[in-house]
Structure formats: structure tokens, C-alpha cells
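Note: the block below is run.pdb and it holds PDB, C-alpha atoms.
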ATOM      1  CA  MET A   1       0.447  -4.108  -8.940
ATOM      2  CA  LEU A   2      -1.570  -6.770  -7.183
ATOM      3  CA  PRO A   3      -3.921  -6.222  -4.220
ATOM      4  CA  GLU A   4      -3.596  -6.873  -0.497
ATOM      5  CA  LEU A   5      -3.456 -10.446   0.834
ATOM      6  CA  TRP A   6      -4.622 -11.806  -2.507
ATOM      7  CA  THR A   7      -3.358 -15.304  -1.692
ATOM      8  CA  THR A   8      -5.786 -15.661   1.236
ATOM      9  CA  GLY A   9      -8.279 -12.791   1.274
ATOM     10  CA  ALA A  10      -7.941  -9.782   3.556
ATOM     11  CA  PHE A  11     -10.903 -10.845   5.704
ATOM     12  CA  ALA A  12     -10.134 -14.579   5.774
ATOM     13  CA  TYR A  13      -8.672 -14.284   9.261
ATOM     14  CA  GLU A  14      -8.835 -18.000   9.992
ATOM     15  CA  ALA A  15      -6.583 -18.683   6.981
ATOM     16  CA  PHE A  16      -3.748 -16.323   7.906
ATOM     17  CA  ALA A  17      -1.764 -18.718  10.089
ATOM     18  CA  GLY A  18      -2.191 -21.757   7.874
ATOM     19  CA  GLU A  19      -1.405 -19.932   4.622
ATOM     20  CA  ALA A  20       1.455 -17.783   5.941
ATOM     21  CA  GLU A  21       4.821 -18.207   4.230
ATOM     22  CA  PRO A  22       8.374 -17.234   5.081
ATOM     23  CA  LEU A  23       9.434 -14.086   3.256
ATOM     24  CA  GLU A  24      11.174 -16.044   0.498
ATOM     25  CA  GLY A  25       8.410 -18.627   0.208
ATOM     26  CA  PRO A  26       6.498 -19.978  -2.813
ATOM     27  CA  THR A  27       4.674 -16.709  -3.567
ATOM     28  CA  TYR A  28       7.939 -14.775  -3.380
ATOM     29  CA  GLU A  29       9.565 -17.204  -5.821
ATOM     30  CA  ALA A  30       6.630 -17.089  -8.264
ATOM     31  CA  MET A  31       6.472 -13.291  -8.242
ATOM     32  CA  ALA A  32      10.249 -12.923  -8.613
ATOM     33  CA  GLU A  33      10.105 -15.178 -11.654
ATOM     34  CA  ALA A  34       7.155 -13.246 -13.106
ATOM     35  CA  ALA A  35       8.975  -9.908 -12.725
ATOM     36  CA  SER A  36      12.102 -11.327 -14.338
ATOM     37  CA  GLU A  37      10.284 -12.955 -17.244
ATOM     38  CA  ALA A  38       8.323  -9.777 -18.008
ATOM     39  CA  GLY A  39      11.272  -7.464 -17.333
ATOM     40  CA  VAL A  40       9.160  -5.136 -15.181
ATOM     41  CA  TRP A  41       9.031  -3.589 -11.754
ATOM     42  CA  LEU A  42       6.351  -5.584  -9.940
ATOM     43  CA  HIS A  43       4.474  -4.688  -6.783
ATOM     44  CA  ALA A  44       3.268  -8.176  -5.874
ATOM     45  CA  GLY A  45       0.587  -7.020  -3.450
ATOM     46  CA  SER A  46       0.897  -8.348   0.078
ATOM     47  CA  VAL A  47       1.021 -11.818   1.586
ATOM     48  CA  PRO A  48       0.730 -13.200   5.107
ATOM     49  CA  GLU A  49       4.362 -13.550   6.171
ATOM     50  CA  ARG A  50       5.501 -15.966   8.863
ATOM     51  CA  ALA A  51       8.601 -14.263  10.197
ATOM     52  CA  VAL A  52      11.589 -15.879  11.830
ATOM     53  CA  SER A  53      10.801 -16.594  15.476
ATOM     54  CA  ASP A  54      12.969 -15.804  18.489
ATOM     55  CA  SER A  55      14.361 -19.315  18.172
ATOM     56  CA  GLY A  56      15.716 -18.424  14.737
ATOM     57  CA  SER A  57      13.281 -20.366  12.548
ATOM     58  CA  ALA A  58      10.175 -19.568  10.512
ATOM     59  CA  ALA A  59       8.253 -22.283  12.306
ATOM     60  CA  ASP A  60       4.656 -22.083  13.459
ATOM     61  CA  ASP A  61       5.638 -19.968  16.477
ATOM     62  CA  GLY A  62       7.024 -17.102  14.395
ATOM     63  CA  PRO A  63       5.053 -13.819  14.296
ATOM     64  CA  LEU A  64       2.759 -13.000  11.366
ATOM     65  CA  TYR A  65       2.921  -9.830   9.264
ATOM     66  CA  ASN A  66       0.964  -8.390   6.354
ATOM     67  CA  THR A  67       3.937  -7.920   4.037
ATOM     68  CA  SER A  68       4.097  -6.214   0.650
ATOM     69  CA  LEU A  69       6.760  -7.280  -1.849
ATOM     70  CA  VAL A  70       8.308  -5.176  -4.629
ATOM     71  CA  PHE A  71      10.527  -6.821  -7.260
ATOM     72  CA  SER A  72      12.946  -5.326  -9.782
ATOM     73  CA  PRO A  73      12.999  -6.279 -13.489
ATOM     74  CA  SER A  74      15.793  -8.752 -12.693
ATOM     75  CA  GLY A  75      13.548 -10.564 -10.234
ATOM     76  CA  ASP A  76      15.425  -9.329  -7.177
ATOM     77  CA  LEU A  77      13.507  -8.167  -4.108
ATOM     78  CA  ALA A  78      13.656  -4.370  -4.105
ATOM     79  CA  ALA A  79      11.657  -3.904  -0.899
ATOM     80  CA  ALA A  80       9.462  -5.624   1.667
ATOM     81  CA  TYR A  81       7.025  -3.540   3.701
ATOM     82  CA  ARG A  82       5.274  -4.813   6.813
ATOM     83  CA  LYS A  83       1.950  -3.029   7.193
ATOM     84  CA  ILE A  84       2.073  -0.535  10.048
ATOM     85  CA  HIS A  85      -1.627   0.141  10.661
ATOM     86  CA  ARG A  86      -3.544  -3.113  11.171
ATOM     87  CA  PHE A  87      -7.291  -3.131  10.715
ATOM     88  CA  GLY A  88      -9.775  -4.734  13.086
ATOM     89  CA  PHE A  89     -10.226  -2.685  16.260
ATOM     90  CA  ASP A  90      -8.880  -5.329  18.669
ATOM     91  CA  ARG A  91      -9.844  -8.292  16.512
ATOM     92  CA  GLY A  92      -8.936  -9.841  13.163
ATOM     93  CA  GLU A  93      -5.748  -8.517  11.593
ATOM     94  CA  ALA A  94      -5.169  -6.157  14.514
ATOM     95  CA  VAL A  95      -4.580  -9.047  16.918
ATOM     96  CA  LEU A  96      -3.421 -11.808  14.556
ATOM     97  CA  MET A  97      -0.589  -9.914  12.875
ATOM     98  CA  GLY A  98       2.294  -7.860  14.133
ATOM     99  CA  ALA A  99       2.771  -4.218  13.167
ATOM    100  CA  GLY A 100       5.605  -3.038  10.983
ATOM    101  CA  ASP A 101       7.717  -0.149  12.225
ATOM    102  CA  GLU A 102       9.569   1.120   9.151
ATOM    103  CA  LEU A 103       8.605   3.421   6.303
ATOM    104  CA  VAL A 104       9.631   1.931   2.967
ATOM    105  CA  THR A 105      10.538   3.673  -0.280
ATOM    106  CA  VAL A 106      11.863   2.181  -3.512
ATOM    107  CA  ARG A 107      13.952   4.168  -5.983
ATOM    108  CA  LEU A 108      13.016   3.370  -9.583
ATOM    109  CA  PRO A 109      14.785   4.965 -12.567
ATOM    110  CA  GLN A 110      11.758   7.199 -13.214
ATOM    111  CA  THR A 111      10.329   7.837  -9.728
ATOM    112  CA  VAL A 112      10.520   6.986  -6.030
ATOM    113  CA  LEU A 113       7.781   4.723  -4.720
ATOM    114  CA  GLY A 114       6.330   5.138  -1.244
ATOM    115  CA  VAL A 115       4.827   1.843  -0.098
ATOM    116  CA  ALA A 116       1.690   1.587   2.050
ATOM    117  CA  THR A 117      -1.135  -0.950   2.478
ATOM    118  CA  CYS A 118      -4.925  -0.586   2.713
ATOM    119  CA  TYR A 119      -5.849   0.772   6.194
ATOM    120  CA  ASP A 120      -2.658   2.879   6.109
ATOM    121  CA  LEU A 121      -4.572   5.099   3.676
ATOM    122  CA  ARG A 122      -6.500   6.601   6.615
ATOM    123  CA  PHE A 123      -3.331   7.910   8.297
ATOM    124  CA  PRO A 124      -1.959  10.938   6.420
ATOM    125  CA  GLU A 125       1.105  11.256   8.642
ATOM    126  CA  LEU A 126       2.467   8.003   7.207
ATOM    127  CA  PHE A 127       2.311   9.453   3.704
ATOM    128  CA  ARG A 128       3.935  12.701   4.847
ATOM    129  CA  GLY A 129       6.764  10.565   6.148
ATOM    130  CA  LEU A 130       7.067   8.829   2.796
ATOM    131  CA  VAL A 131       7.141  12.177   0.985
ATOM    132  CA  ASP A 132       9.825  13.428   3.370
ATOM    133  CA  ALA A 133      11.783  10.298   2.409
ATOM    134  CA  GLY A 134      11.555  11.284  -1.257
ATOM    135  CA  ALA A 135       8.397   9.488  -2.447
ATOM    136  CA  GLU A 136       6.744  10.805  -5.611
ATOM    137  CA  THR A 137       4.458   7.862  -6.394
ATOM    138  CA  LEU A 138       2.431   6.287  -3.579
ATOM    139  CA  VAL A 139       1.405   2.649  -4.058
ATOM    140  CA  VAL A 140      -1.435   1.193  -1.983
ATOM    141  CA  PRO A 141      -2.654  -2.394  -2.412
ATOM    142  CA  ALA A 142      -5.858  -3.036  -0.482
ATOM    143  CA  GLY A 143      -8.653  -5.389   0.455
ATOM    144  CA  TRP A 144     -11.135  -2.562   1.054
ATOM    145  CA  PRO A 145     -14.767  -3.478   1.804
ATOM    146  CA  GLU A 146     -17.465  -2.390  -0.611
ATOM    147  CA  ARG A 147     -19.574  -0.767   2.100
ATOM    148  CA  ARG A 148     -16.874   1.909   2.534
ATOM    149  CA  ARG A 149     -15.965   2.283  -1.135
ATOM    150  CA  SER A 150     -16.628   6.027  -1.074
ATOM    151  CA  HIS A 151     -13.882   6.375   1.553
ATOM    152  CA  TRP A 152     -11.489   4.354  -0.622
ATOM    153  CA  THR A 153     -11.760   6.638  -3.631
ATOM    154  CA  LEU A 154     -11.948   9.820  -1.532
ATOM    155  CA  LEU A 155      -8.837   9.006   0.502
ATOM    156  CA  ALA A 156      -6.851   7.980  -2.569
ATOM    157  CA  ARG A 157      -7.518  11.401  -4.097
ATOM    158  CA  ALA A 158      -6.839  13.186  -0.799
ATOM    159  CA  ARG A 159      -3.443  11.516  -0.384
ATOM    160  CA  ALA A 160      -2.569  12.514  -3.957
ATOM    161  CA  VAL A 161      -3.602  16.152  -3.540
ATOM    162  CA  GLU A 162      -2.074  16.813  -0.129
ATOM    163  CA  ASN A 163       1.229  15.173  -1.058
ATOM    164  CA  GLN A 164       1.312  16.327  -4.682
ATOM    165  CA  ALA A 165       2.089  12.774  -5.744
ATOM    166  CA  PHE A 166       0.691  10.059  -7.946
ATOM    167  CA  VAL A 167      -1.363   7.446  -6.114
ATOM    168  CA  LEU A 168      -1.706   3.915  -7.476
ATOM    169  CA  ALA A 169      -4.391   2.208  -5.390
ATOM    170  CA  CYS A 170      -5.120  -1.438  -6.199
ATOM    171  CA  GLY A 171      -8.262  -2.858  -4.583
ATOM    172  CA  THR A 172      -9.537  -6.427  -4.645
ATOM    173  CA  ALA A 173     -12.798  -7.436  -6.302
ATOM    174  CA  GLY A 174     -15.171 -10.244  -5.418
ATOM    175  CA  THR A 175     -15.744 -11.426  -1.850
ATOM    176  CA  HIS A 176     -13.335 -12.183   1.004
ATOM    177  CA  ALA A 177     -14.729 -14.547   3.631
ATOM    178  CA  GLY A 178     -18.247 -13.252   2.978
ATOM    179  CA  VAL A 179     -17.211  -9.586   2.865
ATOM    180  CA  PRO A 180     -17.923  -7.916  -0.526
ATOM    181  CA  GLN A 181     -14.882  -5.991  -1.748
ATOM    182  CA  ALA A 182     -14.823  -2.487  -3.195
ATOM    183  CA  GLY A 183     -12.744  -3.114  -6.293
ATOM    184  CA  HIS A 184     -12.420   0.257  -8.064
ATOM    185  CA  SER A 185      -8.645   0.301  -8.354
ATOM    186  CA  THR A 186      -7.601   3.817  -9.278
ATOM    187  CA  VAL A 187      -4.697   5.935 -10.483
ATOM    188  CA  VAL A 188      -4.720   9.576  -9.361
ATOM    189  CA  ASP A 189      -2.372  12.356 -10.462
ATOM    190  CA  PRO A 190      -0.786  15.018  -8.191
ATOM    191  CA  TRP A 191      -3.708  17.403  -8.797
ATOM    192  CA  GLY A 192      -6.241  14.804  -7.681
ATOM    193  CA  GLU A 193      -7.450  14.002 -11.174
ATOM    194  CA  VAL A 194      -8.419  10.372 -11.687
ATOM    195  CA  LEU A 195      -6.461   9.043 -14.667
ATOM    196  CA  ALA A 196      -8.141   5.635 -14.598
ATOM    197  CA  GLU A 197     -10.559   3.734 -12.395
ATOM    198  CA  ALA A 198     -11.670   0.124 -12.543
ATOM    199  CA  GLY A 199     -15.180  -1.072 -11.843
ATOM    200  CA  PRO A 200     -16.328  -3.388  -9.050
ATOM    201  CA  GLY A 201     -15.306  -6.613 -10.792
ATOM    202  CA  GLU A 202     -11.999  -8.143 -11.810
ATOM    203  CA  GLU A 203     -10.183  -5.825 -14.180
ATOM    204  CA  VAL A 204      -6.701  -4.919 -15.353
ATOM    205  CA  LEU A 205      -5.770  -1.242 -15.691
ATOM    206  CA  THR A 206      -2.938  -0.110 -17.948
ATOM    207  CA  VAL A 207      -2.112   3.545 -17.407
ATOM    208  CA  ASP A 208       0.562   5.803 -18.896
ATOM    209  CA  PHE A 209       1.686   8.738 -16.761
ATOM    210  CA  ASP A 210       4.707  11.010 -16.578
ATOM    211  CA  PRO A 211       6.458  10.899 -13.166
ATOM    212  CA  ALA A 212       8.064  14.280 -13.951
ATOM    213  CA  THR A 213       4.629  15.800 -13.367
ATOM    214  CA  VAL A 214       5.288  15.563  -9.628
ATOM    215  CA  ALA A 215       8.285  17.893  -9.657
ATOM    216  CA  GLY A 216       6.471  20.318 -11.951
ATOM    217  CA  THR A 217       3.404  20.372  -9.713
ATOM    218  CA  ARG A 218       5.419  20.918  -6.565
ATOM    219  CA  GLU A 219       7.333  23.751  -8.244
ATOM    220  CA  ARG A 220       4.280  25.557  -9.639
ATOM    221  CA  PHE A 221       2.220  25.164  -6.456
ATOM    222  CA  PRO A 222       4.764  24.796  -3.618
ATOM    223  CA  ALA A 223       2.314  24.043  -0.825
ATOM    224  CA  LEU A 224       4.611  21.475   0.796
ATOM    225  CA  LYS A 225       7.074  24.257   1.564
ATOM    226  CA  ASP A 226       4.465  25.949   3.770
ATOM    227  CA  ARG A 227       4.097  23.043   6.196
ATOM    228  CA  VAL A 228       4.325  24.133   9.832
ATOM    229  CA  LEU A 229       5.821  21.439  12.022
ATOM    230  CA  GLY A 230       6.257  21.049  15.755
ATOM    231  CA  LEU A 231       3.100  22.876  16.825
ATOM    232  CA  ALA A 232       2.506  22.834  20.586
ATOM    233  CA  ARG A 233      -0.373  20.779  21.904
ATOM    234  CA  PRO A 234      -3.386  22.644  23.374
ATOM    235  CA  GLY A 235      -2.750  23.806  26.916
ATOM    236  CA  ARG A 236       0.993  24.051  26.556
TER     237      ARG A 236
END

This entry written out as C-alpha cells:
Amino acid sequence: MLPELWTTGAFAYEAFAGEAEPLEGPTYEAMAEAASEAGVWLHAGSVPERAVSDSGSAADDGPLYNTSLVFSPSGDLAAAYRKIHRFGFDRGEAVLMGAGDELVTVRLPQTVLGVATCYDLRFPELFRGLVDAGAETLVVPAGWPERRRSHWTLLARARAVENQAFVLACGTAGTHAGVPQAGHSTVVDPWGEVLAEAGPGEEVLTVDFDPATVAGTRERFPALKDRVLGLARPGR
């Protein structure tokens, strides 16, 4: 896995338009080649995507998206996910980029990935949707600011526990446009136990885990079966 918007920086708002690429642009090609050469499944983080405009071209008037790319060991694109929840509160990413509208899962031989990005981590209903779609391993690249690092690690564990799934959360290190980043990439198991956690600086984590743990956890402690859906709103 790579982090969110690593080609520009998640807070480098002024660079989004100039650095945006069509979906199958230079970063796509480089990451597809890397996955193929290594023979691995590769979550290539996210990039600023310049989508095809209404006129049918990926020219400067096309909409922007924060798009995650997942490649198969053959170098083929297995999935592209346009970030649904955009951060910024009426500025920055929230106004510069369009919102995705589709949940994305990827079926690997060993597990089913549920794909999310950074700020999505604060919205548990998105992850419930991914679990309902079969996800067992939740992957979250991020450019999370250091000043809210405690939220980053807390929410990664919460999403793992409530969904009884593995969470692979990859956070950038260093500084984005003057904003110190949290780093602290982490891998959490379905019981909320942290299997590995990076520090604040650049670091590569290599973690072995057994995806079958998800099914075993959900069978031994079947909390997901007790969900109550369709509750009436207050006053109804």
C-alpha cells in the first residue's frame, strides 16, 4: 500500500489541478508496471484524477477526483475508488474535487478488500456498506494531519472492532504544504489488536496475517448478526 495523494500531498490544494492525471496516466502506468514486475497485489494509494469532461475528453475542464488505484499481480487495474467523503468543510478538497458515489470492493484469492480513503474513516456507515458487500480487509490510505493523530489510530481500531475485519491504514509522513503529517501507518486485526504500527517518519511495514481469522472471529462472536436496521427516527 501507498498513502493518499502521495504524488502531490493531501494538503497541497493549489497543486491538484496542475498535477491531475487521467485515470490511465503516468502514475497508473508506473504502478501497473511495478505490480507486474513484483507479482503482487498493489494498492497504489490515491492520485488526483482528471476525469473525462462532458465534452468527452480529459482536458482541463474535466472534474477532479481523489482516486485510489488497486492493481493485480498481472498489472491489470482491479479497482478504482473515487473518495466519497471529501475533507475541508467548504474549502480545499471539499470544493476542488468531486465526490465518488460507489462503494468499491476487490476480491483477492485470500480475502475481499473494502476500499476507503482518509476522511472516510470517520464515517462508519461506509464501512458497514463495505462489509455488507463482503469486505473482510479494509484498506485506508491517508494524508492524516499529525495534530489529530490520536483520532487516526483510534478510528482505525474502531473500524476493525465494529466490523470484525482487518484494517490496513497507510498514513503519510513528513509535511504536506506546511501541514505536519501523522505517519503511524497501522495494521489492526478483527479484535482490535495492533499487529504493527510505524512511527512518525518514513517507514515500510511488512506484516503477515491470516485472512481466515475474520471468518473465525465472526463465527465465535457473531455481533454482526445482531444489527438492528431501519430504526424509526425520533418523533415518528

*Would you write out, as JSON, numbers by chain, every residue that the PyMOL selection byres ((chain A and resi 83) around 12) captures in this file?*
{"A": [4, 5, 45, 46, 47, 48, 49, 64, 65, 66, 67, 68, 69, 80, 81, 82, 84, 85, 86, 87, 93, 94, 97, 98, 99, 100, 101, 102, 103, 104, 115, 116, 117, 118, 119, 120, 121, 126, 140, 141, 142]}

*asked:* With distances taken over only C-alpha atoms, which residue among A:Glu136, A:Glu21, A:Glu162, A:Glu202 lies nearest A:Leu224?
replied: A:Glu162

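Of the residues listed (A:Asp226, A:Trp144, A:Val139, A:Asp208), A:Asp208 shows the shortest atom-to-atom separation from A:Leu195; distances use all atoms listed in the file.
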
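Atom CA of A:Gly171 to atom CA of A:Ala196 spans 13.1 Å [interatomic distance, one decimal].
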
Evaluate the PyMOL selection byres ((chain A and resi 183) around 8) here and jot the selected residues down as a PDB file with C-alpha atoms, keeping the file's coordinate frame.
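Writing done, so here's result_29.pdb:
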ATOM      1  CA  TRP A 144     -11.135  -2.562   1.054  1.00  0.00           C
ATOM      2  CA  GLU A 146     -17.465  -2.390  -0.611  1.00  0.00           C
ATOM      3  CA  CYS A 170      -5.120  -1.438  -6.199  1.00  0.00           C
ATOM      4  CA  GLY A 171      -8.262  -2.858  -4.583  1.00  0.00           C
ATOM      5  CA  THR A 172      -9.537  -6.427  -4.645  1.00  0.00           C
ATOM      6  CA  ALA A 173     -12.798  -7.436  -6.302  1.00  0.00           C
ATOM      7  CA  GLY A 174     -15.171 -10.244  -5.418  1.00  0.00           C
ATOM      8  CA  GLN A 181     -14.882  -5.991  -1.748  1.00  0.00           C
ATOM      9  CA  ALA A 182     -14.823  -2.487  -3.195  1.00  0.00           C
ATOM     10  CA  HIS A 184     -12.420   0.257  -8.064  1.00  0.00           C
ATOM     11  CA  SER A 185      -8.645   0.301  -8.354  1.00  0.00           C
ATOM     12  CA  ALA A 198     -11.670   0.124 -12.543  1.00  0.00           C
ATOM     13  CA  GLY A 199     -15.180  -1.072 -11.843  1.00  0.00           C
ATOM     14  CA  PRO A 200     -16.328  -3.388  -9.050  1.00  0.00           C
ATOM     15  CA  GLY A 201     -15.306  -6.613 -10.792  1.00  0.00           C
ATOM     16  CA  GLU A 202     -11.999  -8.143 -11.810  1.00  0.00           C
TER      17      GLU A 202
END

Work out where the centre of an axis-aligned box around every listed atom of stretch 182-193 of chain A lies and how long its edges are once 6 Å is added on each side; give both in Å to one decimal as AutoDock Vina command-line options.
--center_x -7.8 --center_y 7.1 --center_z -7.2 --size_x 26.0 --size_y 32.5 --size_z 20.0

_For atom CA of A:Gly216 and atom CA of A:Val70, the interatomic separation in Å (one decimal)_ = 26.6 Å

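This file, queried with the PyMOL selection byres ((chain A and resi 113) around 7), gives the residues Thr105, Val106, Arg107, Thr111, Val112, Gly114, Val115, Ala135, Glu136, Thr137, Leu138 and Val139 of chain A.
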
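If only C-alpha atoms are the atoms counted, then among A:Leu154, A:Leu231, A:Val52, A:Val187 the closest residue to A:Ala169 is A:Val187.
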
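Among the candidates A:Phe221, A:Trp41, A:Tyr28, A:Trp191, the one nearest to A:Val161 when counting all atoms listed in the file is A:Trp191.
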
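Considering the residues A:Val204, A:Ala158, A:Pro145, A:Ala177 and counting only C-alpha atoms, A:Asp189 has its shortest atom-to-atom contact with A:Ala158.
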
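Proximity to A:Ala223 was assessed for A:Asn163, A:Ser150, A:Thr8, A:Ser72 counting only C-alpha atoms; the smallest distance is recorded for A:Asn163.
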
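Separating atom CA of A:Ala133 from atom CA of A:Val188 is a distance of 20.3 Å.
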
*Show me as a list of chain:residue names the residues that reach within 9 Å of (0.3, 17.9, -9.8), counting only C-alpha atoms and using the file's own coordinates.*
A:Ala160, A:Val161, A:Gln164, A:Ala165, A:Phe166, A:Asp189, A:Pro190, A:Trp191, A:Gly192, A:Glu193, A:Thr213, A:Val214, A:Ala215, A:Gly216, A:Thr217, A:Arg218, A:Arg220, A:Phe221

For the selection just defined, write its residues with C-alpha atoms to a file, as a short mmCIF file (atom, residue, chain, number, x, y, z; two decimals), keeping the file's coordinate frame.
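Wrote it out as result-v2.cif, contents follow:
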data_model
loop_
_atom_site.label_atom_id
_atom_site.label_comp_id
_atom_site.auth_asym_id
_atom_site.auth_seq_id
_atom_site.Cartn_x
_atom_site.Cartn_y
_atom_site.Cartn_z
CA ALA A 160 -2.57 12.51 -3.96
CA VAL A 161 -3.60 16.15 -3.54
CA GLN A 164 1.31 16.33 -4.68
CA ALA A 165 2.09 12.77 -5.74
CA PHE A 166 0.69 10.06 -7.95
CA ASP A 189 -2.37 12.36 -10.46
CA PRO A 190 -0.79 15.02 -8.19
CA TRP A 191 -3.71 17.40 -8.80
CA GLY A 192 -6.24 14.80 -7.68
CA GLU A 193 -7.45 14.00 -11.17
CA THR A 213 4.63 15.80 -13.37
CA VAL A 214 5.29 15.56 -9.63
CA ALA A 215 8.28 17.89 -9.66
CA GLY A 216 6.47 20.32 -11.95
CA THR A 217 3.40 20.37 -9.71
CA ARG A 218 5.42 20.92 -6.56
CA ARG A 220 4.28 25.56 -9.64
CA PHE A 221 2.22 25.16 -6.46
#

Please complete stretch 177-193 of chain A with N, CA, C and O atoms and give it back as a PDB file, in the coordinates of the input.
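And here's out28.pdb as it stands now:
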ATOM      1  N   ALA A 177     -14.124 -13.976   2.427  1.00  0.00           N
ATOM      2  CA  ALA A 177     -14.729 -14.547   3.631  1.00  0.00           C
ATOM      3  C   ALA A 177     -16.117 -13.942   3.900  1.00  0.00           C
ATOM      4  O   ALA A 177     -16.454 -13.588   5.030  1.00  0.00           O
ATOM      5  N   GLY A 178     -16.899 -13.786   2.841  1.00  0.00           N
ATOM      6  CA  GLY A 178     -18.247 -13.252   2.978  1.00  0.00           C
ATOM      7  C   GLY A 178     -18.345 -11.746   2.982  1.00  0.00           C
ATOM      8  O   GLY A 178     -19.447 -11.197   3.095  1.00  0.00           O
ATOM      9  N   VAL A 179     -17.221 -11.055   2.853  1.00  0.00           N
ATOM     10  CA  VAL A 179     -17.211  -9.586   2.865  1.00  0.00           C
ATOM     11  C   VAL A 179     -17.035  -9.081   1.429  1.00  0.00           C
ATOM     12  O   VAL A 179     -15.960  -9.227   0.843  1.00  0.00           O
ATOM     13  N   PRO A 180     -18.061  -8.470   0.826  1.00  0.00           N
ATOM     14  CA  PRO A 180     -17.923  -7.916  -0.526  1.00  0.00           C
ATOM     15  C   PRO A 180     -16.836  -6.844  -0.563  1.00  0.00           C
ATOM     16  O   PRO A 180     -16.750  -6.003   0.324  1.00  0.00           O
ATOM     17  N   GLN A 181     -16.008  -6.910  -1.619  1.00  0.00           N
ATOM     18  CA  GLN A 181     -14.882  -5.991  -1.748  1.00  0.00           C
ATOM     19  C   GLN A 181     -15.208  -4.831  -2.682  1.00  0.00           C
ATOM     20  O   GLN A 181     -16.053  -4.938  -3.574  1.00  0.00           O
ATOM     21  N   ALA A 182     -14.506  -3.719  -2.475  1.00  0.00           N
ATOM     22  CA  ALA A 182     -14.823  -2.487  -3.195  1.00  0.00           C
ATOM     23  C   ALA A 182     -14.381  -2.507  -4.650  1.00  0.00           C
ATOM     24  O   ALA A 182     -14.998  -1.860  -5.499  1.00  0.00           O
ATOM     25  N   GLY A 183     -13.284  -3.235  -4.945  1.00  0.00           N
ATOM     26  CA  GLY A 183     -12.744  -3.114  -6.293  1.00  0.00           C
ATOM     27  C   GLY A 183     -12.310  -1.681  -6.546  1.00  0.00           C
ATOM     28  O   GLY A 183     -11.688  -1.037  -5.715  1.00  0.00           O
ATOM     29  N   HIS A 184     -12.668  -1.148  -7.729  1.00  0.00           N
ATOM     30  CA  HIS A 184     -12.420   0.257  -8.064  1.00  0.00           C
ATOM     31  C   HIS A 184     -10.962   0.683  -7.829  1.00  0.00           C
ATOM     32  O   HIS A 184     -10.689   1.715  -7.211  1.00  0.00           O
ATOM     33  N   SER A 185     -10.048  -0.138  -8.329  1.00  0.00           N
ATOM     34  CA  SER A 185      -8.645   0.301  -8.354  1.00  0.00           C
ATOM     35  C   SER A 185      -8.573   1.628  -9.106  1.00  0.00           C
ATOM     36  O   SER A 185      -9.344   1.874 -10.042  1.00  0.00           O
ATOM     37  N   THR A 186      -7.631   2.482  -8.687  1.00  0.00           N
ATOM     38  CA  THR A 186      -7.601   3.817  -9.278  1.00  0.00           C
ATOM     39  C   THR A 186      -6.179   4.350  -9.361  1.00  0.00           C
ATOM     40  O   THR A 186      -5.313   3.973  -8.569  1.00  0.00           O
ATOM     41  N   VAL A 187      -5.957   5.211 -10.338  1.00  0.00           N
ATOM     42  CA  VAL A 187      -4.697   5.935 -10.483  1.00  0.00           C
ATOM     43  C   VAL A 187      -5.039   7.423 -10.479  1.00  0.00           C
ATOM     44  O   VAL A 187      -5.865   7.886 -11.279  1.00  0.00           O
ATOM     45  N   VAL A 188      -4.414   8.157  -9.558  1.00  0.00           N
ATOM     46  CA  VAL A 188      -4.720   9.576  -9.361  1.00  0.00           C
ATOM     47  C   VAL A 188      -3.446  10.382  -9.561  1.00  0.00           C
ATOM     48  O   VAL A 188      -2.367   9.987  -9.102  1.00  0.00           O
ATOM     49  N   ASP A 189      -3.555  11.531 -10.239  1.00  0.00           N
ATOM     50  CA  ASP A 189      -2.372  12.356 -10.462  1.00  0.00           C
ATOM     51  C   ASP A 189      -2.182  13.362  -9.322  1.00  0.00           C
ATOM     52  O   ASP A 189      -3.023  13.451  -8.416  1.00  0.00           O
ATOM     53  N   PRO A 190      -1.078  14.125  -9.312  1.00  0.00           N
ATOM     54  CA  PRO A 190      -0.786  15.018  -8.191  1.00  0.00           C
ATOM     55  C   PRO A 190      -1.800  16.140  -7.978  1.00  0.00           C
ATOM     56  O   PRO A 190      -1.793  16.770  -6.914  1.00  0.00           O
ATOM     57  N   TRP A 191      -2.659  16.404  -8.959  1.00  0.00           N
ATOM     58  CA  TRP A 191      -3.708  17.403  -8.797  1.00  0.00           C
ATOM     59  C   TRP A 191      -5.026  16.784  -8.328  1.00  0.00           C
ATOM     60  O   TRP A 191      -6.026  17.469  -8.195  1.00  0.00           O
ATOM     61  N   GLY A 192      -5.027  15.479  -8.132  1.00  0.00           N
ATOM     62  CA  GLY A 192      -6.241  14.804  -7.681  1.00  0.00           C
ATOM     63  C   GLY A 192      -7.135  14.338  -8.804  1.00  0.00           C
ATOM     64  O   GLY A 192      -8.254  13.876  -8.557  1.00  0.00           O
ATOM     65  N   GLU A 193      -6.659  14.457 -10.035  1.00  0.00           N
ATOM     66  CA  GLU A 193      -7.450  14.002 -11.174  1.00  0.00           C
ATOM     67  C   GLU A 193      -7.303  12.486 -11.334  1.00  0.00           C
ATOM     68  O   GLU A 193      -6.199  11.952 -11.279  1.00  0.00           O
TER      69      GLU A 193
END
